[in-house]
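Participant: One structure, as structure tokens, below. Some questions next.
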Amino acid sequence: MHRLFVKYTIPDSRSKVYKKRFDALGLKNKLGAVYLAECYTIDASLNHKQIQAAKNLLANPLAQSADTALAAPRHFNYALEIGYLPGVTDNIGSSAKETLADGAKIKFKDGQNVYFSQIIFVTFNTPTTPPRSSGHLSLKRRGGSTEALKIAASLYNPLIQRAAIKSREEFLRDGGMDLFAPEVKLKGNNKVSLVDLNIADEELIKLGKLGIPNRVIPAKAGILKKDSGSGAGMTHRRGSLALGLDELKVIRDYFNKLGRKPTDIELETLAQTWSEHCKHTIFADPLDELEKGLYKTYIKGATEKIRRQKGRHDFCVSVFTDNAGGISFDKDYIVCHKVETHNTPSALDPFGGSITGIVGVNRDVLGFGLGAKPIANFYGFCLAEPGDKTELYRDKNLTQPMLSARRILDGVVAGINAGGNQSGIPTPLGFLNFDPRYRGKPLVFAGTLGLIPKKIGRQNSWEKQAKRGDLIVMIGGRVGQDGIHGATFASEGLDKDSPATAVQIGDPITQKKFSDAIVKEARGQNLYHSITDCGAGGLSSAVGEMAGQSGGCEVWLEKVPLKYPGLAPWQIWISESQERMVLAVPKNKWQKLEKLMEARGVEASVFGKFTGSGKCIIKYGKNIVLDMDMDFLHNGRPRHKQISSKPRVGTDTIRPLPHKNDYSDQILRLLQSPNLASTEFVSQQYDHEVQASSVLKPLQGRGKINSEAAVIKPLPDSKKALVLAYGLHPAYAELNPYNMAAAGIDTAIRAAVAAGADIDYLALLDNFCWCSPQEPERLWQLKESVRACFDVATAYGTPFISGKDSMYNDFKGFSRDGQPVKISIPPTLLISAVSVVPDAEKTVSLDAKLSGDVIYILGETNDEMGGSEYIETIVNSKIGIPKLPVPSVNSEKNYKLYKALFAANQKNLIASAISVNRGGLIIALIKKLMGGGLGAEINLADFPGNWTENYQALFSESQGRILVSVDPKKAGQFEKLMSENIFAKIGQIIQAPILSIIDKNGKTIADIKISDSLKAYQSTFKEF
Amino acid sequence: MTNIPIKIIVLAGYGLNCEEETALAFNIAGGQAEIVHINDFIDRPNLINKYQILAIPGGFSYGDDLGSGKAYANKLNNHLKSRLNEFASKDKLIMGICNGFQILTNLGLLPGVLTFNDNNRYTCRWVDVVSRVALDTKSPWLRGVKSLSLPIAHGEGKFTADDETLKSIQSKKMIGAVYYTGEMCEYQNLKSNPNGSLLDIAMMTSADGKILGTMPHPERAMFFTQLPNWPLIKEQLIRAGKPLPKYGQGLRIFRNAVEYFK
């Protein structure tokens, strides 16, 4: 074992940023300088020459020094070391290992690794206070001080990392930090056990909820989770199967018929395959009068109806059947799109949850058809405001705190940064949405678009089939214990028994290597028949799904490459270790594929073959450990009859909102709401220029305004472009779930149309994040929303092509004073839109262009203040939200309007366009002006709609509205083209950067300097 | 003028990710670019003889895990050091964009170090650069280039070097281009130097000008519609009755390189 310490010999800007971060912990007046060093712990034997070589390989001599001893700075008070826990993905360690093996000819034995850790030296200007206790930190050291502990706690996440602290005295006495290599040591129980299902119902329920009993372990073994309530000699269980009593009974009957007990791996496989996460049971099972369930009736039903109506104009190519949904881009290409959520993992480790979210959804695109190339990423975060100080704990004893709202924000933002940027995929669009109800369970949406030629050789690229005799091949990363029970875990609420093994860290470079090898080489050489992503459920899901294509499989589990020895067969089969794909490879192509993958630095291994036996058979060595009918595996799950019930409506009465003579101050305050403020700090840290496809960017115009739509041009030699947009309105959900969903769809489409989209060539994706479906009221809300999806999508002719649902976004835990707390998210539906347009140059940015341009409002402004940002932010919700109408969608009128606007764009009539969304007209108007660095004079006199009060005109969030500016010379032509729609001229762009608004009576109700509004807009996240 | 094809090798693999658009830029400029995975290059090192230009594109090789460009440079050094030095000593051109620039400094083919941005954050935005060699045309890459607006996207783009090196690169006129406040900084009110680079250095050349390292991405400013302000320019041009341009300024660098061999 060797350690190499690398230090910067030139100024290290990271230390300043670290100091700033620590200062913000309330240490500003105490903290002096901060120094950093990197530690590589090399678990191999090196000779002197190799050590010298290693130093050169790990440090740039012009900027860094490398040494086997850790030279401390002259002044410091504490040294902290943060490293990973055993088995946690360590990308820096892996890269170091690779470069050391290549350059220093170090031979690593199986299981030997390089481990990375970060060392931080901190100095204090004032005396520090001794710690009362180390709090929840599992710090080994007795050293430390309250201040040093605070710093450590802000740096590391005990679920994945370890921290050590030494005072200067301890450090000098011990000669540095202690050697620690987080090697995985498993006791190696790779036996398969039988599970008895012929037990009492209550025992069966326990089995489903808590998992298969492992063995009896002494009570003091400590680290393992125990079956609560059994006292000493507790039974250790493996973690929830999330199987209900009726499901377990069906399984029992199946095996009783076979005359044997199921093996643990059989039961685990059924749990994965039947999980809500994989089978989407809530959407699939009957609900009230809907025999076919929500999905088939309303989502798939809408798409089928639309496709029939579109006839030869149908652009759908592959919908709902594959990992992503695909539509025709042009005569030669398909574009596919998928949006996923990664909520529960992000609550536990925001960085890990978010990076695996984005890298995972990239694989959905790589697994579309024969493998599409990812061309754009999308993100969405629903969080509590970073200043939310609510403290939550997962356990009654307050030993398992939830991370702070700020840590969650920082972590999820950083995760997409690492995953997206390192993968070389542009991120042109995304959003942040804040609500205190996301404090217990943050939502992390991650989406990816892909592009694939329609023909691969002579084959249709969107069709794939594993054939009998094909080899089952896994490429990419190896299998470890990470992510075990990820699928079943996400199918239940988050509580104290949520296993930390559900937390993973992505490895984008491993994925980038096989992504390139697949899309750029193997695909074109026809080296495989089928491909799919290894995601939730691991190999059990991926192989199970592909075996469905061929009609069976035989798996040789001992051939699966492992990260470390000691995994039991069931663990290998359901592990969700990241960065893997499964391929069906014809025997005669295997050698070629193996050679190609080796040349690209990608590990590929055969571990079975597809058959037509109708059975899924798994062998581990000589033994058959799983033998089930494919039909039972995929179709055996009993369907549940679900009943919804309408929640009782509140009795709030309508109360008039206070009037104001001048709304300028309220407008500036509204602009600072985190839901409306600039999130430039996020947009700017995500590469949106890579692949050279950017057309309309995330930050538009002079004022760098966050856009709600983006445009990319994926093929350099084609003018065709993709308009991407999104919509969500969780604030309306509890008030009116039908209108919430309708508004979400209209908002996504409207944002796309404002940017130049063609509503006749536009597809939608739905992502439902809901609360516990065990509550009939939640099911009623869900049903209402899904019904709205059908109504609005069919009215617009915009098909759903893909979607995903995530249930159980409820947090059950304890408050700071140990009281039980339940926090459910507001039911959240994210709608994503993608539209193909003929000419990138005819897309439209949101910023006002030139003074003298005429401003028009398209659509009607109604008295629809319910759930508005104005009500939530300005009319403080604490005084009780008056029951006001929630915006509704008139799809017939809107459709006509959107078509007309598209026609106007094709004639270059529109100089700028912005969708009127959250915050109402005034926010859209100000964004347009800040974007252009220009002013405007607005008169509310001719404003169409049923609004009566000035605040309604300004802040109502009526749907179907777009604000445009037009060259005065083209105004006539524009008005003629729009003549069958409701719209009005409301003012003019002026050079002086001031916005003034006059009401019907000629009174000025707002007078705002654009520079002040920009300052307000950019102030909220300025220090982020 | 000759009609001999100008061939460009664009390296790929291990997380480099701008090879396709870099090859495209050279192709639009009239060259013949080929993308070669580093492992194929290692297997067949003679391959390089058929190329006039070597380009190391942008990306995230090895995830920047050991410091940007370090691990990829290690790999090149371990296997291809003499080939690269030989190529550099001939009348040939080498370019490193972003991660490629970081690799070139790690290889020692360009001086100095590219380290963490002052804000210690990956930053994607547009910058303006002004070329210091516009007048003496010493670097074929930058011949006739006075100023350019290009995007950056990096976490480690701050150029730094010791005083002696800084003096030397100044006296040898190796600074290719520096950040300044031009069209884009004025448009979006951005500070000119995005990362704290010493002497505002954005591009660096070798003493003979044949090696160019650039943090901004010229291949991401190939087309008119890549500009942040193209919708405004479009309105101005249409109202003036003028056609919209197809290309952006970034192509000039690639054209210069191809022209050099003609």
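We label chains A, B, ... in the order they appear in the structure tokens, count residues from 1 in each chain, and number ligands from 1 in the order shown.
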Please check the contacts: residues of chain B at most 6 Å away from chain A, using only C-alpha atoms, listed as a list in words.
Facilitator: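 Contact residues on the first chain: Tyr14, Gly15, Asn17, Phe60, Gly63, Asp65, Asn78, Asp118, Asn120, Tyr122, Thr123, Cys124, Tyr187, Gln188, Arg220, Thr225, Gln226 and Leu232 of chain B.
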Participant: Include C-alpha atoms and write out the residues we just selected as a CSV table (one decimal), in the first residue's frame.
Facilitator:
```csv
chain,number,residue,atom,x,y,z
B,14,TYR,CA,-11.6,8.4,-23.5
B,15,GLY,CA,-14.0,11.3,-23.2
B,17,ASN,CA,-16.2,14.8,-27.3
B,60,PHE,CA,-13.5,15.7,-20.9
B,63,GLY,CA,-13.3,13.2,-16.8
B,65,ASP,CA,-10.0,13.3,-13.0
B,78,ASN,CA,3.5,6.7,-22.7
B,118,ASP,CA,-11.2,31.7,-10.5
B,120,ASN,CA,-13.9,27.2,-9.5
B,122,TYR,CA,-17.4,25.0,-15.1
B,123,THR,CA,-18.5,28.0,-17.2
B,124,CYS,CA,-20.2,28.0,-20.6
B,187,TYR,CA,-24.1,42.5,-25.7
B,188,GLN,CA,-24.6,40.5,-22.5
B,220,ARG,CA,-18.8,26.2,-32.0
B,225,THR,CA,-27.2,30.5,-36.0
B,226,GLN,CA,-24.7,29.6,-33.3
B,232,LEU,CA,-31.2,40.4,-33.4
```
Participant: Which neighbours of stretch 792-798 of chain A fall inside 7 Å, counting only C-alpha atoms, when residues of the same chain fewer than 4 positions from it are skipped, and could you give them as a PyMOL selection string?
Facilitator: chain A and resi 302+306+742+760+762-764+788+891-892+895
Participant: Please produce a file of the residues just selected, as a compact mmCIF listing (two decimals), in the first residue's frame, where the atoms kept are C-alpha atoms.
Facilitator:
```txt
# COMPACT_ATOMS: atom_id res chain seq x y z
CA ALA A 302 -54.82 9.64 -26.79
CA ILE A 306 -54.29 11.18 -32.70
CA ALA A 742 -54.28 20.95 -18.97
CA ASP A 760 -49.03 20.03 -36.05
CA LEU A 762 -45.20 18.34 -31.98
CA ALA A 763 -44.97 15.41 -29.58
CA LEU A 764 -45.35 15.29 -25.81
CA ALA A 788 -57.07 16.21 -18.85
CA SER A 891 -57.75 24.17 -26.73
CA GLU A 892 -59.88 25.03 -29.74
CA TYR A 895 -54.89 25.66 -31.54
```
Participant: Between atom CA of A:Ile299 and atom CA of A:Trp780, what is the distance in Å, rounded to a tenth?
Facilitator: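 According to the coordinates, atom CA of A:Ile299 and atom CA of A:Trp780 are separated by 16.2 Å.
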Participant: What does the distance from atom CA of A:Glu872 to atom CA of A:Gly920 come to in Å, to one decimal?
Facilitator: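 Interatomic distance here is 12.8 Å.
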Participant: With distances taken over only C-alpha atoms, which residue among B:Leu109, B:Pro140, B:Ala71, B:Val36 lies nearest B:Val258?
Facilitator: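 When distances to B:Val258 are compared using only C-alpha atoms, the smallest one comes from B:Pro140.
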Participant: Write out as a PyMOL selection string the set of residues from stretch 4-137 of chain A that DSSP, computed on the backbone, places in strand (DSSP E).
Facilitator: chain A and resi 4-8+31-42+64-67+78-84+114-124
Participant: Which residues are close to A:Ala372, i.e. within 6 Å by only C-alpha atoms, leaving aside same-chain residues fewer than 4 positions away? Reply as a PDB file with C-alpha atoms, in the first residue's frame.
Facilitator:
```
ATOM      1  CA  VAL A 365     -31.595   6.921 -25.704  1.00  0.00           C
ATOM      2  CA  LEU A 366     -28.607   4.648 -26.377  1.00  0.00           C
ATOM      3  CA  PHE A 368     -33.643   3.253 -28.310  1.00  0.00           C
ATOM      4  CA  GLY A 450     -31.381  11.240 -29.412  1.00  0.00           C
ATOM      5  CA  LEU A 451     -30.953  10.975 -33.146  1.00  0.00           C
ATOM      6  CA  ILE A 452     -30.689   7.814 -35.210  1.00  0.00           C
TER       7      ILE A 452
END
```
Participant: May I ask which of the residues B:Asp200, B:Asp128, B:Glu164, B:Glu156 is the closest one to B:Glu186, counting only C-alpha atoms?
Facilitator: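 That would be B:Asp128, the residue with the smallest distance to B:Glu186.
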Participant: Do a neighbour search on A:Ile914 at 7 Å with only C-alpha atoms, toss out local chain neighbours closer than 5 positions, and write the hits as a list in words.
Facilitator: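 Contacts, in chain order: Ala754, Leu846, Ala924, Ile962, Leu963 and Val964 of chain A.
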Participant: Can you write out the residues you just picked, keeping N, CA and C atoms, as an mmCIF file, in the first residue's frame?
Facilitator:
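To be explicit, this is the file written out as again04.cif:
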```
data_model
loop_
_atom_site.group_PDB
_atom_site.id
_atom_site.type_symbol
_atom_site.label_atom_id
_atom_site.label_comp_id
_atom_site.auth_asym_id
_atom_site.auth_seq_id
_atom_site.Cartn_x
_atom_site.Cartn_y
_atom_site.Cartn_z
ATOM 1 N N ALA A 754 -44.147 29.667 -29.178
ATOM 2 C CA ALA A 754 -43.568 31.013 -29.134
ATOM 3 C C ALA A 754 -42.175 31.008 -29.765
ATOM 4 N N LEU A 846 -36.852 35.366 -27.396
ATOM 5 C CA LEU A 846 -37.828 36.094 -26.578
ATOM 6 C C LEU A 846 -37.540 37.579 -26.457
ATOM 7 N N ALA A 924 -43.713 38.198 -18.338
ATOM 8 C CA ALA A 924 -43.322 37.950 -19.728
ATOM 9 C C ALA A 924 -42.852 39.244 -20.375
ATOM 10 N N ILE A 962 -49.527 34.545 -25.734
ATOM 11 C CA ILE A 962 -48.151 34.769 -26.179
ATOM 12 C C ILE A 962 -47.992 36.262 -26.442
ATOM 13 N N LEU A 963 -46.849 36.783 -26.015
ATOM 14 C CA LEU A 963 -46.576 38.209 -26.181
ATOM 15 C C LEU A 963 -45.537 38.348 -27.301
ATOM 16 N N VAL A 964 -45.883 39.113 -28.336
ATOM 17 C CA VAL A 964 -44.958 39.220 -29.471
ATOM 18 C C VAL A 964 -44.653 40.680 -29.776
#
```
Participant: Point out the residue among B:Asn119, B:Gln52, B:Ser139, B:Ser147 with the least atom-to-atom distance to B:Ile175, counting only C-alpha atoms.
Facilitator: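 That would be B:Ser139, the residue with the smallest distance to B:Ile175.
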Participant: Quick one: residues within 10 Å of stretch 27-33 of chain A, only C-alpha atoms, excluding same-chain residues fewer than 5 positions away - as a PyMOL selection string?
Facilitator: chain A and resi 15-16+18-22+75-77+121-128+147-148+150-151
Participant: Would you save the residues from that selection as a tab-separated table (two decimals), in the first residue's frame, using N, CA and C atoms?
Facilitator:
```tsv
chain	number	residue	atom	x	y	z
A	15	SER	N	-9.19	26.67	-3.28
A	15	SER	CA	-9.14	26.92	-1.84
A	15	SER	C	-9.90	28.18	-1.47
A	16	LYS	N	-9.89	29.16	-2.36
A	16	LYS	CA	-10.65	30.39	-2.10
A	16	LYS	C	-12.14	30.11	-2.10
A	18	TYR	N	-13.56	27.20	-1.55
A	18	TYR	CA	-13.85	26.43	-0.35
A	18	TYR	C	-14.00	27.36	0.86
A	19	LYS	N	-13.07	28.28	0.96
A	19	LYS	CA	-13.11	29.20	2.11
A	19	LYS	C	-14.43	29.97	2.13
A	20	LYS	N	-14.83	30.40	0.93
A	20	LYS	CA	-16.08	31.15	0.84
A	20	LYS	C	-17.26	30.30	1.33
A	21	ARG	N	-17.22	29.03	0.93
A	21	ARG	CA	-18.27	28.11	1.32
A	21	ARG	C	-18.28	27.89	2.84
A	22	PHE	N	-17.08	27.76	3.41
A	22	PHE	CA	-17.00	27.55	4.86
A	22	PHE	C	-17.39	28.82	5.60
A	75	HIS	N	1.12	26.89	8.71
A	75	HIS	CA	0.07	27.21	9.68
A	75	HIS	C	-1.22	26.48	9.34
A	76	PHE	N	-1.71	25.74	10.28
A	76	PHE	CA	-3.07	25.20	10.16
A	76	PHE	C	-3.49	24.70	11.52
A	77	ASN	N	-4.77	24.58	11.75
A	77	ASN	CA	-5.26	24.08	13.03
A	77	ASN	C	-5.82	22.67	12.93
A	121	PHE	N	-6.77	21.45	4.77
A	121	PHE	CA	-6.20	22.05	5.97
A	121	PHE	C	-6.92	23.37	6.23
A	122	VAL	N	-7.36	23.56	7.46
A	122	VAL	CA	-8.03	24.82	7.78
A	122	VAL	C	-7.31	25.52	8.94
A	123	THR	N	-7.30	26.81	8.85
A	123	THR	CA	-6.72	27.60	9.94
A	123	THR	C	-7.80	28.49	10.53
A	124	PHE	N	-7.72	28.69	11.82
A	124	PHE	CA	-8.67	29.58	12.49
A	124	PHE	C	-7.92	30.75	13.10
A	125	ASN	N	-8.50	31.91	12.97
A	125	ASN	CA	-7.87	33.11	13.52
A	125	ASN	C	-8.17	33.27	15.00
A	126	THR	N	-9.26	32.63	15.44
A	126	THR	CA	-9.65	32.76	16.84
A	126	THR	C	-9.72	31.35	17.42
A	127	PRO	N	-9.64	31.25	18.76
A	127	PRO	CA	-9.69	29.91	19.38
A	127	PRO	C	-10.98	29.19	19.01
A	128	THR	N	-10.89	27.89	18.86
A	128	THR	CA	-12.07	27.10	18.51
A	128	THR	C	-12.66	26.47	19.77
A	147	GLU	N	-16.10	23.87	15.18
A	147	GLU	CA	-15.94	24.52	13.88
A	147	GLU	C	-15.46	23.52	12.82
A	148	ALA	N	-14.47	22.71	13.20
A	148	ALA	CA	-13.94	21.74	12.23
A	148	ALA	C	-15.00	20.71	11.87
A	150	LYS	N	-18.16	21.21	11.85
A	150	LYS	CA	-19.13	21.89	10.99
A	150	LYS	C	-18.65	21.86	9.54
A	151	ILE	N	-17.36	22.10	9.38
A	151	ILE	CA	-16.79	22.09	8.02
A	151	ILE	C	-16.88	20.68	7.43
```
Participant: For B:Val130, find every residue with an atom within 8 Å (counting only C-alpha atoms), except residues of its own chain fewer than 5 positions away, and show them as a list in words.
Facilitator: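 Neighbouring residues, sequence-local ones excluded: Lys146, Ser147, Leu148, Ala177, Val178, Tyr179 and Tyr180 of chain B.
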Participant: Can I get the selected residues back with N, CA and C atoms, as a CSV table (one decimal), in the first residue's frame?
Facilitator:
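Output (selection.csv):
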```
chain,number,residue,atom,x,y,z
B,146,LYS,N,-8.1,39.5,-36.4
B,146,LYS,CA,-7.9,40.6,-35.5
B,146,LYS,C,-8.7,40.3,-34.2
B,147,SER,N,-10.0,40.1,-34.4
B,147,SER,CA,-10.8,39.7,-33.2
B,147,SER,C,-11.8,38.7,-33.6
B,148,LEU,N,-12.3,38.0,-32.6
B,148,LEU,CA,-13.2,36.9,-32.8
B,148,LEU,C,-14.1,36.8,-31.6
B,177,ALA,N,-4.0,34.9,-28.6
B,177,ALA,CA,-5.1,35.9,-28.4
B,177,ALA,C,-5.4,36.1,-27.0
B,178,VAL,N,-6.0,37.3,-26.7
B,178,VAL,CA,-6.3,37.6,-25.3
B,178,VAL,C,-7.8,38.0,-25.2
B,179,TYR,N,-8.4,37.7,-24.0
B,179,TYR,CA,-9.8,38.1,-23.8
B,179,TYR,C,-9.8,39.7,-23.8
B,180,TYR,N,-10.9,40.2,-24.4
B,180,TYR,CA,-11.1,41.7,-24.2
B,180,TYR,C,-12.6,41.9,-24.3
```
Participant: Per DSSP on the backbone, what are the alpha helix (DSSP H) residues of stretch 82-197 of chain B, as JSON, numbers by chain?
Facilitator: {"B": [82, 83, 84, 85, 86, 87, 88, 89, 99, 100, 101, 102, 103, 104, 105, 106, 107, 163, 164, 165, 166, 167, 168, 169, 170, 171, 183, 184, 185, 186, 187, 188]}
Participant: With only C-alpha atoms as the counted atoms, please give the residues lying no more than 10 Å from B:Leu76, apart from itself and same-chain residues fewer than 5 positions off, as a list of chain:residue names.
Facilitator: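 Neighbouring residues, sequence-local ones excluded: A:Gly103, B:Ile38, B:Asn39, B:Phe41, B:Ile42, B:Lys70, B:Ala71, B:Lys81, B:Ser82, B:Arg83, B:Leu84, B:Ile103, B:Leu107.
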Participant: Please, what distance in Å, to one decimal, runs between atom CA of A:Glu1023 and atom CA of A:Ala709?
Facilitator: 25.4 Å
